[in-house]
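A.B. asks: Have a look at this one before I ask anything.
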Amino acid sequence: MSDFRPGLRFDAEWRITLFTVVLVPLMVGLGFWQLQRAAEKSMLATSFEARQQQEPARIEALRGETAELLAYAPVQLTGHFLPEAYFLLDNQVRGGQFGYEVLGVMQLDGDGGVVVVNRGWIAGDASRQSLPRVPRVEAPVTLTGHVYVAPGEPFLLAEQQFDAGWPKRIQAVEMDKLAAAIAPLHRGDVFPYMVRIDAGEIGALSIDWQVVNMSPQKHQAYAVQWFAMAAVLFGFYVLRCSNVWQLLTGSERVGK
């Protein structure tokens with residue numbers, strides 16, 4: 001004869017317990033981090049849309065403003081590009097094709113100083129044997145764009161060292177180093193942030209500016225994945241270390 005054994009039993013095997021105690025909080029933390037990133041990206045996109053409704057301001061009037069006020073602010077620039085002086089931001093892939101972003105150096109009229117202007121993307125030689133031919137902008141121009149404030153410091157494996165001569169191929173935008181490189185070529189101060197040119201402006205190349213590199217919805221999807229993995233791991237731990245499954249299915253019996 002057999003009967004059901006009542007009561008819950010729990011045997012916390014230490015290795016499985018340690019594994020679960022470490023990973024479950026980590027996965028939950030990553031899930032909440034992804035939700036935080038989703039909120040930040042949503043606010044960033046909203047701020048960008050709001051800023052684009054504003055009339056462009058002359059960039060000379062924005063000197064001294066904080067990064068928060070400058071981020072994505074629409075601006076107008078009048079001056080001329082230094083024809084030989086530009087940077088090529090390396091490893092920029094569009095549609096599966098290798099290329100560069102072209103960062104021109106624009107001398108503003110009067111005493112306006114200098115602005116580094118991102119003219120957009122240009123295809124490059126995947127073998128890296130030659131640099132692309134960048135179309136020149138010879139005449140003085142007036143153009144519009146928006147101030148780009150990077151969200152953090154660029155990640156570099158080693159300190160950047162610029163080659164002599166122009167153009168200069170760079171791995172990341174470090175404004176202090178760019179300003180030092182162009183110092184002998186211009187008059188006035190260098191604007192502390194790069195300006196991304198608007199599509200269709202004189203000197204614009206291939207323009208497809210991404211306000212955020214990952215949508216809020218994708219961050220939310222990643223958050224759901226982390227929470228789901230935490231729940232699965234915790235559920236496995238409970239089932240592995242207890243008789244919950246037997247109690248739920250009524251399969252735990254003991255013979256007498």
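Ligands are numbered from 1 in the order shown, chains are lettered A, B, ... in the order of the structure tokens, and residues start at 1 in each chain.
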Once you count only C-alpha atoms, what closest atom pair and distance in Å to one decimal does each residue of stretch 46-152 of chain A within 6 Å of stretch 159-175 of chain A have, with rows by chain and rising residue number, as a tab-separated table?
C.D. replies:
```
residue	atom	partner	partner_atom	distance
A:Ala85	CA	A:Trp166	CA	5.8
A:Tyr86	CA	A:Pro167	CA	5.2
A:Phe87	CA	A:Lys168	CA	4.8
A:Leu88	CA	A:Arg169	CA	4.6
A:Leu89	CA	A:Ile170	CA	5.1
A:Asp90	CA	A:Gln171	CA	5.3
```
A.B. asks: Just the strand (DSSP E or B) stuff from stretch 25-254 of chain A, please, per backbone DSSP, written as an MDAnalysis selection string.
C.D. replies: chainID A and resid 57:58 74:94 97:108 114:123 141:148 168:170 190 194:197 206 242 253:254
A.B. asks: Please list as a ChimeraX atom specification every residue within 9 Å of A:Leu77, counting only C-alpha atoms and excluding residues in the same chain fewer than 2 positions away.
C.D. replies: /A:57-60,75,79,106,108-109,115,141-145
A.B. asks: Measuring atom to atom with only C-alpha atoms, identify which of A:Arg51, A:Arg128, A:Arg240, A:His219 is nearest to A:Phe32.
C.D. replies: A:His219
A.B. asks: Can you pull out every residue within 9 Å of A:Asn243, counting only C-alpha atoms, but drop anything in the same chain fewer than 2 positions away, and send it as a PyMOL selection string?
C.D. replies: chain A and resi 7-11+238-241+245-248+252
A.B. asks: Write to file, as an mmCIF file, in the first residue's frame, the residues of the selection just made, with C-alpha atoms.
C.D. replies:
```
data_model
loop_
_atom_site.group_PDB
_atom_site.id
_atom_site.type_symbol
_atom_site.label_atom_id
_atom_site.label_comp_id
_atom_site.auth_asym_id
_atom_site.auth_seq_id
_atom_site.Cartn_x
_atom_site.Cartn_y
_atom_site.Cartn_z
ATOM 1 C CA GLY A 7 4.796 18.711 3.295
ATOM 2 C CA LEU A 8 7.448 20.593 1.413
ATOM 3 C CA ARG A 9 11.053 19.463 1.545
ATOM 4 C CA PHE A 10 13.986 21.630 0.500
ATOM 5 C CA ASP A 11 17.590 20.498 0.042
ATOM 6 C CA VAL A 238 13.416 25.554 -6.807
ATOM 7 C CA LEU A 239 12.449 22.434 -8.749
ATOM 8 C CA ARG A 240 15.954 20.973 -8.480
ATOM 9 C CA CYS A 241 16.325 21.492 -4.738
ATOM 10 C CA TRP A 245 7.124 19.318 -8.649
ATOM 11 C CA GLN A 246 6.104 16.074 -6.947
ATOM 12 C CA LEU A 247 3.636 17.937 -4.732
ATOM 13 C CA LEU A 248 2.132 19.755 -7.688
ATOM 14 C CA GLU A 252 5.341 11.666 -4.592
#
```
A.B. asks: Near A:Gln54, counting only C-alpha atoms, which residues have an atom at most 12 Å away, once you skip same-chain residues fewer than 2 positions from it, shown as a PyMOL selection string?
C.D. replies: chain A and resi 47-52+56-57+72-76+145-146
A.B. asks: At what distance in Å, to one decimal, does atom CA of A:Asn91 lie from atom CA of A:Ala180?
C.D. replies: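 Rounded to one decimal, the two atoms are 22.7 Å apart.
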A.B. asks: Running DSSP on the backbone, which parts of stretch 135-217 of chain A land in alpha helix (DSSP H), as a PDB file with N, CA and C atoms, in the first residue's frame?
C.D. replies:
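So states-v8.pdb came out as:
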```
ATOM      1  N   MET A 175      37.878  65.873 -28.988  1.00  0.00           N
ATOM      2  CA  MET A 175      37.907  67.254 -29.445  1.00  0.00           C
ATOM      3  C   MET A 175      39.176  67.988 -29.031  1.00  0.00           C
ATOM      4  N   ASP A 176      39.726  67.670 -27.874  1.00  0.00           N
ATOM      5  CA  ASP A 176      40.940  68.359 -27.464  1.00  0.00           C
ATOM      6  C   ASP A 176      42.100  68.052 -28.410  1.00  0.00           C
ATOM      7  N   LYS A 177      42.179  66.801 -28.868  1.00  0.00           N
ATOM      8  CA  LYS A 177      43.258  66.424 -29.780  1.00  0.00           C
ATOM      9  C   LYS A 177      43.016  66.976 -31.180  1.00  0.00           C
ATOM     10  N   LEU A 178      41.752  67.006 -31.598  1.00  0.00           N
ATOM     11  CA  LEU A 178      41.444  67.600 -32.896  1.00  0.00           C
ATOM     12  C   LEU A 178      41.788  69.082 -32.886  1.00  0.00           C
ATOM     13  N   ALA A 179      41.440  69.757 -31.785  1.00  0.00           N
ATOM     14  CA  ALA A 179      41.733  71.186 -31.686  1.00  0.00           C
ATOM     15  C   ALA A 179      43.236  71.447 -31.728  1.00  0.00           C
ATOM     16  N   ALA A 180      44.016  70.593 -31.056  1.00  0.00           N
ATOM     17  CA  ALA A 180      45.472  70.755 -31.066  1.00  0.00           C
ATOM     18  C   ALA A 180      46.035  70.544 -32.463  1.00  0.00           C
ATOM     19  N   ALA A 181      45.452  69.603 -33.211  1.00  0.00           N
ATOM     20  CA  ALA A 181      45.961  69.309 -34.556  1.00  0.00           C
ATOM     21  C   ALA A 181      45.711  70.450 -35.526  1.00  0.00           C
ATOM     22  N   ILE A 182      44.573  71.148 -35.352  1.00  0.00           N
ATOM     23  CA  ILE A 182      44.242  72.212 -36.307  1.00  0.00           C
ATOM     24  C   ILE A 182      44.668  73.594 -35.814  1.00  0.00           C
ATOM     25  N   PRO A 216      14.540  52.423 -27.995  1.00  0.00           N
ATOM     26  CA  PRO A 216      14.018  52.063 -26.672  1.00  0.00           C
ATOM     27  C   PRO A 216      13.331  50.701 -26.670  1.00  0.00           C
ATOM     28  N   GLN A 217      12.645  50.365 -27.775  1.00  0.00           N
ATOM     29  CA  GLN A 217      11.943  49.087 -27.843  1.00  0.00           C
ATOM     30  C   GLN A 217      12.902  47.903 -27.779  1.00  0.00           C
TER      31      GLN A 217
END
```
A.B. asks: Determine, counting only C-alpha atoms, which protein, DNA and RNA residues have an atom within 10 Å of an atom of A:Gly64; residues of the same chain fewer than 5 positions away are not included. Present the result as a PyMOL selection string.
C.D. replies: chain A and resi 70+191-192
A.B. asks: Just to be explicit: take each residue in the selection above, keep C-alpha atoms, and write the result as a PDB file, in the first residue's frame.
C.D. replies:
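Ended up saving to part-v4.pdb:
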```
ATOM      1  CA  LEU A  70      23.951  72.539 -26.659  1.00  0.00           C
ATOM      2  CA  PHE A 191      34.047  75.292 -30.808  1.00  0.00           C
ATOM      3  CA  PRO A 192      34.089  72.567 -28.110  1.00  0.00           C
TER       4      PRO A 192
END
```
A.B. asks: Suppose you want the space between atom CA of A:Trp14 and atom CA of A:Leu30; what is it in Å?
C.D. replies: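 Atom CA of A:Leu30 lies 24.3 Å from atom CA of A:Trp14.
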A.B. asks: Distance atom CA of A:His186-atom CA of A:Pro135, one decimal place?
C.D. replies: 20.9 Å
A.B. asks: For a quick check of understanding, using only C-alpha atoms, which of A:Gly120, A:Gly110, A:Gln53, A:Glu84 has the smallest distance to A:Gly188?
C.D. replies: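 Counting only C-alpha atoms, the residue closest to A:Gly188 is A:Gly110.
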